[in-house]
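Participant: The structure under discussion is supplied below as structure tokens; questions concerning it will follow.
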Amino acid sequence: MHGMDEIATPRRTKEIIHRHGFFFKKSLGQNFLIDQNILNKIVEAADLDSSKGALEIGPGIGALTEKLAQQSSTVTAVEIDQRLIPILQEVLEPYPHVRIHHGDVLKTDLAALFQQDFANVSKVSVVANLPYYVTTPILMKLLEEKLPLENIVVMIQKEVAERMAASPGTKDYGSLSIAVQYYSVPELVCIVPKTVFIPQPNVESAVIRLMVREQPPVQVDDENFFFQVVQAAFAQRRKTISNNLKTRFFPKEGRERLEVLLGEAGIDPSRRGETLSLQEFATLSNVLFGAELR
């Protein structure tokens with residue numbers, strides 16, 4: 001199946017699409033990769049081997065799936081578009097260790113899927129060219145459900161990748177950066193030009209790797225409350241941390257108390273949310289949680 005037969009070439013992609021009478025649905029954010037080099041970079045970043053498994057979301061016509069099948073012991077691909085299922089079954093026929101599930105990953109019981117499909121592998125990574133309109137919900141589901149994952153290597157919109165990997169004090173840093181970095185260690189793998197897709201997307205893309213942490217890097221007394229504090233801190237970026245938190249937690253009275261609590265957490269009330277590190281947010285949320293501001 002190597003060489004000229006690979007799916008991710010303009011010629012073969014067009015041939016498969018025409019033969020099956022397939023047309024792209026804008027609503028599903030379908031952009032198929034037609035570049036071997038980029039596919040190889042994605043697969044390489046996932047660090048797969050014959051003892052590991054891969055979960056793919058949105059396999060399209062199987063260009064990446066084929067590469068994953070060549071590198072790992074088990075591949076499960078979840079595809080929402082019924083029209084692609086027969087195409088995938090046909091092109092992936094040479095790989096008996098690939099399973100194709102028809103469904104919406106956001107509605108799928110992933111813990112059950114892992115028990116069913118990945119019982120016999122040492123580690124699992126998610127590797128995918130994600131549809132851009134649902135990137136964040138998919139990634140947050142993967143992270144929040146604390147699935148036994150090693151890496152998440154995904155092609156996403158460049159600006160979203162930059163936000164995920166951003167450091168405190170930069171314009172890209174926000175609640176998404178903190179959520180992703182709480183669960184994983186993000187690293188930009190490469191920036192990807194529009195020309196490697198059919199059809200070409202309107203935005204630049206990037207491949208990002210999230211190395212999933214076994215434990216969060218900070219200790220928080222209540223995870224839900226921690227994320228509420230983070231969301232509140234970024235509610236209006238131009239406002240100070242003090243003003244944003246007052247709006248959320250002290251709608252009327254007790255505002256002096258907030259200054260005291262910020263002092264306890266060692267945070268200057270005039271700072272903005274985007275300057276606080278993960279550790280500072282953890283300390284702050286634990287102080288506020290202890291003060292029963294929930």
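Residue numbering restarts at 1 for every chain of the structure tokens, chains are lettered A, B, ... in their displayed order, and ligands are numbered from 1 as they appear.
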Can you pull out every residue within 10 Å of A:Asp47, counting only C-alpha atoms, but drop anything in the same chain fewer than 2 positions away, and send it as a list of chain:residue names?
Facilitator: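 Selected residues are A:Ile42, A:Val43, A:Glu44, A:Ala45, A:Asp49, A:Lys52, A:Gln71, A:Ser72, A:Ser125, A:Glu150, A:Asn151, A:Val153.
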Participant: Could you name the residues that touch A:Thr283 at 12 Å or less, counting only C-alpha atoms, but leaving out those on the same chain fewer than 5 positions away, as a PyMOL selection string?
Facilitator: chain A and resi 218-222+226+229-230+261-267+276-278+288-290
Participant: For the selection just defined, write its residues with all heavy atoms to a file, as a short mmCIF file (atom, residue, chain, number, x, y, z; two decimals), in the first residue's frame.
Facilitator:
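Generated file (result-v4.cif):
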```
data_model
loop_
_atom_site.label_atom_id
_atom_site.label_comp_id
_atom_site.auth_asym_id
_atom_site.auth_seq_id
_atom_site.Cartn_x
_atom_site.Cartn_y
_atom_site.Cartn_z
N VAL A 218 -0.89 21.46 39.43
CA VAL A 218 -1.23 22.24 40.62
C VAL A 218 -2.30 21.48 41.39
O VAL A 218 -3.02 20.66 40.83
CB VAL A 218 -1.78 23.64 40.24
CG1 VAL A 218 -0.67 24.52 39.65
CG2 VAL A 218 -2.96 23.55 39.27
N GLN A 219 -2.39 21.77 42.69
CA GLN A 219 -3.39 21.11 43.52
C GLN A 219 -4.56 22.08 43.69
O GLN A 219 -4.37 23.21 44.15
CB GLN A 219 -2.74 20.75 44.87
CG GLN A 219 -3.62 19.92 45.78
CD GLN A 219 -4.51 20.78 46.65
OE1 GLN A 219 -4.10 21.82 47.16
NE2 GLN A 219 -5.75 20.35 46.81
N VAL A 220 -5.75 21.66 43.29
CA VAL A 220 -6.93 22.52 43.52
C VAL A 220 -7.94 21.76 44.36
O VAL A 220 -8.10 20.55 44.23
CB VAL A 220 -7.57 23.00 42.19
CG1 VAL A 220 -6.59 23.82 41.37
CG2 VAL A 220 -8.12 21.87 41.36
N ASP A 221 -8.61 22.50 45.27
CA ASP A 221 -9.55 21.86 46.19
C ASP A 221 -10.82 21.44 45.49
O ASP A 221 -11.48 20.50 45.91
CB ASP A 221 -9.88 22.81 47.35
CG ASP A 221 -8.63 23.12 48.18
OD1 ASP A 221 -7.68 22.30 48.13
OD2 ASP A 221 -8.58 24.17 48.84
N ASP A 222 -11.18 22.15 44.42
CA ASP A 222 -12.40 21.82 43.68
C ASP A 222 -12.20 22.24 42.22
O ASP A 222 -12.08 23.42 41.93
CB ASP A 222 -13.60 22.55 44.29
CG ASP A 222 -14.91 22.16 43.62
OD1 ASP A 222 -15.14 22.60 42.47
OD2 ASP A 222 -15.69 21.41 44.23
N PHE A 226 -12.41 25.92 40.43
CA PHE A 226 -11.17 26.46 39.84
C PHE A 226 -11.45 27.02 38.44
O PHE A 226 -11.08 28.15 38.11
CB PHE A 226 -10.10 25.36 39.80
CG PHE A 226 -8.90 25.66 38.95
CD1 PHE A 226 -7.93 26.56 39.35
CD2 PHE A 226 -8.72 25.02 37.71
CE1 PHE A 226 -6.81 26.84 38.56
CE2 PHE A 226 -7.62 25.28 36.92
CZ PHE A 226 -6.66 26.19 37.35
N VAL A 229 -13.47 30.24 38.48
CA VAL A 229 -12.64 31.41 38.81
C VAL A 229 -11.86 31.85 37.58
O VAL A 229 -11.78 33.04 37.26
CB VAL A 229 -11.69 31.09 40.00
CG1 VAL A 229 -10.67 32.22 40.20
CG2 VAL A 229 -12.49 30.87 41.27
N VAL A 230 -11.30 30.88 36.86
CA VAL A 230 -10.54 31.21 35.64
C VAL A 230 -11.44 31.90 34.62
O VAL A 230 -11.10 32.95 34.07
CB VAL A 230 -9.91 29.92 35.04
CG1 VAL A 230 -9.33 30.20 33.66
CG2 VAL A 230 -8.83 29.37 35.97
N LEU A 261 -9.07 38.66 50.50
CA LEU A 261 -8.81 37.30 50.01
C LEU A 261 -7.72 37.30 48.92
O LEU A 261 -6.88 36.40 48.88
CB LEU A 261 -10.10 36.67 49.48
CG LEU A 261 -11.17 36.39 50.54
CD1 LEU A 261 -12.50 36.03 49.89
CD2 LEU A 261 -10.73 35.27 51.48
N LEU A 262 -7.75 38.31 48.05
CA LEU A 262 -6.69 38.43 47.04
C LEU A 262 -5.33 38.59 47.73
O LEU A 262 -4.33 37.99 47.33
CB LEU A 262 -6.96 39.60 46.09
CG LEU A 262 -8.01 39.34 45.00
CD1 LEU A 262 -8.49 40.65 44.39
CD2 LEU A 262 -7.48 38.42 43.92
N GLY A 263 -5.33 39.38 48.80
CA GLY A 263 -4.10 39.56 49.59
C GLY A 263 -3.61 38.23 50.16
O GLY A 263 -2.43 37.90 50.09
N GLU A 264 -4.56 37.45 50.68
CA GLU A 264 -4.21 36.13 51.23
C GLU A 264 -3.59 35.24 50.17
O GLU A 264 -2.71 34.43 50.45
CB GLU A 264 -5.48 35.43 51.75
CG GLU A 264 -5.75 35.63 53.21
CD GLU A 264 -7.03 34.89 53.61
OE1 GLU A 264 -7.12 33.66 53.36
OE2 GLU A 264 -7.94 35.55 54.15
N ALA A 265 -4.08 35.38 48.94
CA ALA A 265 -3.56 34.57 47.83
C ALA A 265 -2.28 35.17 47.25
O ALA A 265 -1.67 34.60 46.35
CB ALA A 265 -4.62 34.44 46.74
N GLY A 266 -1.88 36.34 47.77
CA GLY A 266 -0.65 36.99 47.29
C GLY A 266 -0.80 37.60 45.91
O GLY A 266 0.16 37.66 45.14
N ILE A 267 -2.01 38.06 45.59
CA ILE A 267 -2.25 38.61 44.24
C ILE A 267 -2.70 40.06 44.34
O ILE A 267 -3.67 40.39 45.02
CB ILE A 267 -3.29 37.74 43.50
CG1 ILE A 267 -2.63 36.40 43.12
CG2 ILE A 267 -3.79 38.43 42.22
CD1 ILE A 267 -3.57 35.29 42.87
N LEU A 276 -1.80 36.10 35.39
CA LEU A 276 -1.70 35.08 36.44
C LEU A 276 -1.30 33.72 35.88
O LEU A 276 -1.85 33.27 34.88
CB LEU A 276 -3.05 34.92 37.18
CG LEU A 276 -3.29 35.83 38.38
CD1 LEU A 276 -3.44 37.28 37.94
CD2 LEU A 276 -4.54 35.39 39.14
N SER A 277 -0.37 33.09 36.56
CA SER A 277 0.06 31.75 36.16
C SER A 277 -0.95 30.71 36.63
O SER A 277 -1.83 31.01 37.45
CB SER A 277 1.42 31.42 36.78
OG SER A 277 1.27 31.31 38.19
N LEU A 278 -0.79 29.50 36.14
CA LEU A 278 -1.63 28.38 36.55
C LEU A 278 -1.58 28.23 38.07
O LEU A 278 -2.60 28.04 38.74
CB LEU A 278 -1.09 27.12 35.86
CG LEU A 278 -1.96 25.89 35.75
CD1 LEU A 278 -3.27 26.20 35.04
CD2 LEU A 278 -1.23 24.79 34.99
N LEU A 288 -10.50 31.31 47.67
CA LEU A 288 -11.90 31.69 47.50
C LEU A 288 -12.83 30.53 47.86
O LEU A 288 -13.88 30.73 48.46
CB LEU A 288 -12.17 32.15 46.05
CG LEU A 288 -11.44 33.41 45.58
CD1 LEU A 288 -11.77 33.70 44.12
CD2 LEU A 288 -11.77 34.63 46.43
N PHE A 289 -12.41 29.31 47.50
CA PHE A 289 -13.22 28.13 47.81
C PHE A 289 -13.30 27.95 49.32
O PHE A 289 -14.37 27.66 49.88
CB PHE A 289 -12.62 26.89 47.15
CG PHE A 289 -13.49 25.66 47.23
CD1 PHE A 289 -14.60 25.54 46.41
CD2 PHE A 289 -13.20 24.64 48.12
CE1 PHE A 289 -15.42 24.41 46.47
CE2 PHE A 289 -14.02 23.51 48.20
CZ PHE A 289 -15.12 23.40 47.36
N GLY A 290 -12.18 28.14 49.99
CA GLY A 290 -12.11 28.02 51.45
C GLY A 290 -13.00 29.07 52.12
O GLY A 290 -13.57 28.84 53.19
#
```
Participant: Write out as a PyMOL selection string which residues come within 8 Å of stretch 86-90 of chain A when counting only C-alpha atoms, dropping same-chain ones fewer than 6 positions away.
Facilitator: chain A and resi 16+20+60-62+100
Participant: Kindly export the residues of the current selection with C-alpha atoms, as a PDB file, in the first residue's frame.
Facilitator:
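part08.pdb, written as the output of this step:
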```pdb
ATOM      1  CA  ILE A  16     -11.799   8.233  -4.589  1.00  0.00           C
ATOM      2  CA  HIS A  20     -18.017   7.469  -4.839  1.00  0.00           C
ATOM      3  CA  GLY A  60     -12.477  11.571   6.116  1.00  0.00           C
ATOM      4  CA  ILE A  61     -11.387   9.166   3.375  1.00  0.00           C
ATOM      5  CA  GLY A  62      -8.684   7.547   5.467  1.00  0.00           C
ATOM      6  CA  ILE A 100     -14.600   2.335  11.982  1.00  0.00           C
TER       7      ILE A 100
END
```
Participant: May I have all residues of stretch 254-286 of chain A that DSSP, computed from the backbone, assigns to alpha helix (DSSP H), given as a list in words?
Facilitator: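 After running DSSP on the backbone, stretch 254-286 of chain A has alpha helix (DSSP H) at Arg255, Glu256, Arg257, Leu258, Glu259, Val260, Leu261, Leu262, Gly263, Glu264, Leu278, Gln279, Glu280, Phe281, Ala282, Thr283, Leu284, Ser285 and Asn286 of chain A.
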Participant: Restrict the selected residues to N, CA, C and O atoms and save them as a PDB file, in the first residue's frame.
Facilitator:
```
ATOM      1  N   ARG A 255     -17.352  43.529  48.957  1.00  0.00           N
ATOM      2  CA  ARG A 255     -16.253  43.721  48.002  1.00  0.00           C
ATOM      3  C   ARG A 255     -14.906  43.946  48.693  1.00  0.00           C
ATOM      4  O   ARG A 255     -13.865  43.602  48.150  1.00  0.00           O
ATOM      5  N   GLU A 256     -14.962  44.517  49.890  1.00  0.00           N
ATOM      6  CA  GLU A 256     -13.696  44.721  50.624  1.00  0.00           C
ATOM      7  C   GLU A 256     -13.103  43.351  50.964  1.00  0.00           C
ATOM      8  O   GLU A 256     -11.898  43.181  51.000  1.00  0.00           O
ATOM      9  N   ARG A 257     -14.010  42.407  51.214  1.00  0.00           N
ATOM     10  CA  ARG A 257     -13.563  41.060  51.569  1.00  0.00           C
ATOM     11  C   ARG A 257     -12.745  40.442  50.437  1.00  0.00           C
ATOM     12  O   ARG A 257     -11.780  39.711  50.672  1.00  0.00           O
ATOM     13  N   LEU A 258     -13.124  40.731  49.201  1.00  0.00           N
ATOM     14  CA  LEU A 258     -12.377  40.189  48.067  1.00  0.00           C
ATOM     15  C   LEU A 258     -10.934  40.684  48.095  1.00  0.00           C
ATOM     16  O   LEU A 258     -10.010  39.905  47.885  1.00  0.00           O
ATOM     17  N   GLU A 259     -10.752  41.980  48.372  1.00  0.00           N
ATOM     18  CA  GLU A 259      -9.381  42.519  48.429  1.00  0.00           C
ATOM     19  C   GLU A 259      -8.551  41.751  49.467  1.00  0.00           C
ATOM     20  O   GLU A 259      -7.395  41.424  49.239  1.00  0.00           O
ATOM     21  N   VAL A 260      -9.192  41.454  50.599  1.00  0.00           N
ATOM     22  CA  VAL A 260      -8.508  40.713  51.673  1.00  0.00           C
ATOM     23  C   VAL A 260      -8.114  39.316  51.173  1.00  0.00           C
ATOM     24  O   VAL A 260      -6.987  38.858  51.377  1.00  0.00           O
ATOM     25  N   LEU A 261      -9.071  38.657  50.502  1.00  0.00           N
ATOM     26  CA  LEU A 261      -8.807  37.301  50.008  1.00  0.00           C
ATOM     27  C   LEU A 261      -7.725  37.296  48.923  1.00  0.00           C
ATOM     28  O   LEU A 261      -6.885  36.399  48.877  1.00  0.00           O
ATOM     29  N   LEU A 262      -7.749  38.311  48.052  1.00  0.00           N
ATOM     30  CA  LEU A 262      -6.687  38.425  47.040  1.00  0.00           C
ATOM     31  C   LEU A 262      -5.335  38.588  47.733  1.00  0.00           C
ATOM     32  O   LEU A 262      -4.332  37.994  47.326  1.00  0.00           O
ATOM     33  N   GLY A 263      -5.328  39.383  48.805  1.00  0.00           N
ATOM     34  CA  GLY A 263      -4.097  39.556  49.587  1.00  0.00           C
ATOM     35  C   GLY A 263      -3.611  38.228  50.159  1.00  0.00           C
ATOM     36  O   GLY A 263      -2.428  37.902  50.093  1.00  0.00           O
ATOM     37  N   GLU A 264      -4.558  37.455  50.684  1.00  0.00           N
ATOM     38  CA  GLU A 264      -4.209  36.131  51.232  1.00  0.00           C
ATOM     39  C   GLU A 264      -3.586  35.244  50.165  1.00  0.00           C
ATOM     40  O   GLU A 264      -2.713  34.433  50.447  1.00  0.00           O
ATOM     41  N   LEU A 278      -0.788  29.499  36.136  1.00  0.00           N
ATOM     42  CA  LEU A 278      -1.631  28.378  36.554  1.00  0.00           C
ATOM     43  C   LEU A 278      -1.577  28.229  38.074  1.00  0.00           C
ATOM     44  O   LEU A 278      -2.603  28.041  38.737  1.00  0.00           O
ATOM     45  N   GLN A 279      -0.380  28.314  38.629  1.00  0.00           N
ATOM     46  CA  GLN A 279      -0.211  28.166  40.086  1.00  0.00           C
ATOM     47  C   GLN A 279      -0.949  29.284  40.843  1.00  0.00           C
ATOM     48  O   GLN A 279      -1.595  29.039  41.855  1.00  0.00           O
ATOM     49  N   GLU A 280      -0.862  30.519  40.327  1.00  0.00           N
ATOM     50  CA  GLU A 280      -1.553  31.627  40.997  1.00  0.00           C
ATOM     51  C   GLU A 280      -3.074  31.438  40.947  1.00  0.00           C
ATOM     52  O   GLU A 280      -3.769  31.722  41.924  1.00  0.00           O
ATOM     53  N   PHE A 281      -3.570  30.958  39.817  1.00  0.00           N
ATOM     54  CA  PHE A 281      -5.016  30.690  39.734  1.00  0.00           C
ATOM     55  C   PHE A 281      -5.425  29.585  40.709  1.00  0.00           C
ATOM     56  O   PHE A 281      -6.494  29.644  41.318  1.00  0.00           O
ATOM     57  N   ALA A 282      -4.560  28.570  40.857  1.00  0.00           N
ATOM     58  CA  ALA A 282      -4.867  27.480  41.793  1.00  0.00           C
ATOM     59  C   ALA A 282      -4.918  28.012  43.220  1.00  0.00           C
ATOM     60  O   ALA A 282      -5.869  27.740  43.968  1.00  0.00           O
ATOM     61  N   THR A 283      -3.913  28.795  43.599  1.00  0.00           N
ATOM     62  CA  THR A 283      -3.863  29.369  44.952  1.00  0.00           C
ATOM     63  C   THR A 283      -5.099  30.236  45.201  1.00  0.00           C
ATOM     64  O   THR A 283      -5.766  30.117  46.227  1.00  0.00           O
ATOM     65  N   LEU A 284      -5.405  31.095  44.231  1.00  0.00           N
ATOM     66  CA  LEU A 284      -6.548  32.007  44.358  1.00  0.00           C
ATOM     67  C   LEU A 284      -7.853  31.228  44.488  1.00  0.00           C
ATOM     68  O   LEU A 284      -8.683  31.511  45.350  1.00  0.00           O
ATOM     69  N   SER A 285      -8.048  30.223  43.645  1.00  0.00           N
ATOM     70  CA  SER A 285      -9.325  29.496  43.690  1.00  0.00           C
ATOM     71  C   SER A 285      -9.438  28.732  45.010  1.00  0.00           C
ATOM     72  O   SER A 285     -10.538  28.621  45.569  1.00  0.00           O
ATOM     73  N   ASN A 286      -8.331  28.222  45.534  1.00  0.00           N
ATOM     74  CA  ASN A 286      -8.387  27.507  46.816  1.00  0.00           C
ATOM     75  C   ASN A 286      -8.743  28.461  47.964  1.00  0.00           C
ATOM     76  O   ASN A 286      -9.518  28.117  48.849  1.00  0.00           O
TER      77      ASN A 286
END
```
Participant: May I ask for the distance between atom CA of A:Arg99 and atom CA of A:Val192, given in Å to one decimal place?
Facilitator: 28.1 Å
Participant: Atom CA of A:Ile208 and atom CA of A:Pro96 are how many Å apart?
Facilitator: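 One can read the atom CA of A:Ile208 to atom CA of A:Pro96 distance as 28.7 Å.
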Participant: Near A:Tyr182, counting only C-alpha atoms, which residues have an atom at most 9 Å away, once you skip same-chain residues fewer than 2 positions from it, shown as a PyMOL selection string?
Facilitator: chain A and resi 177-180+184-185+213+215-218+278
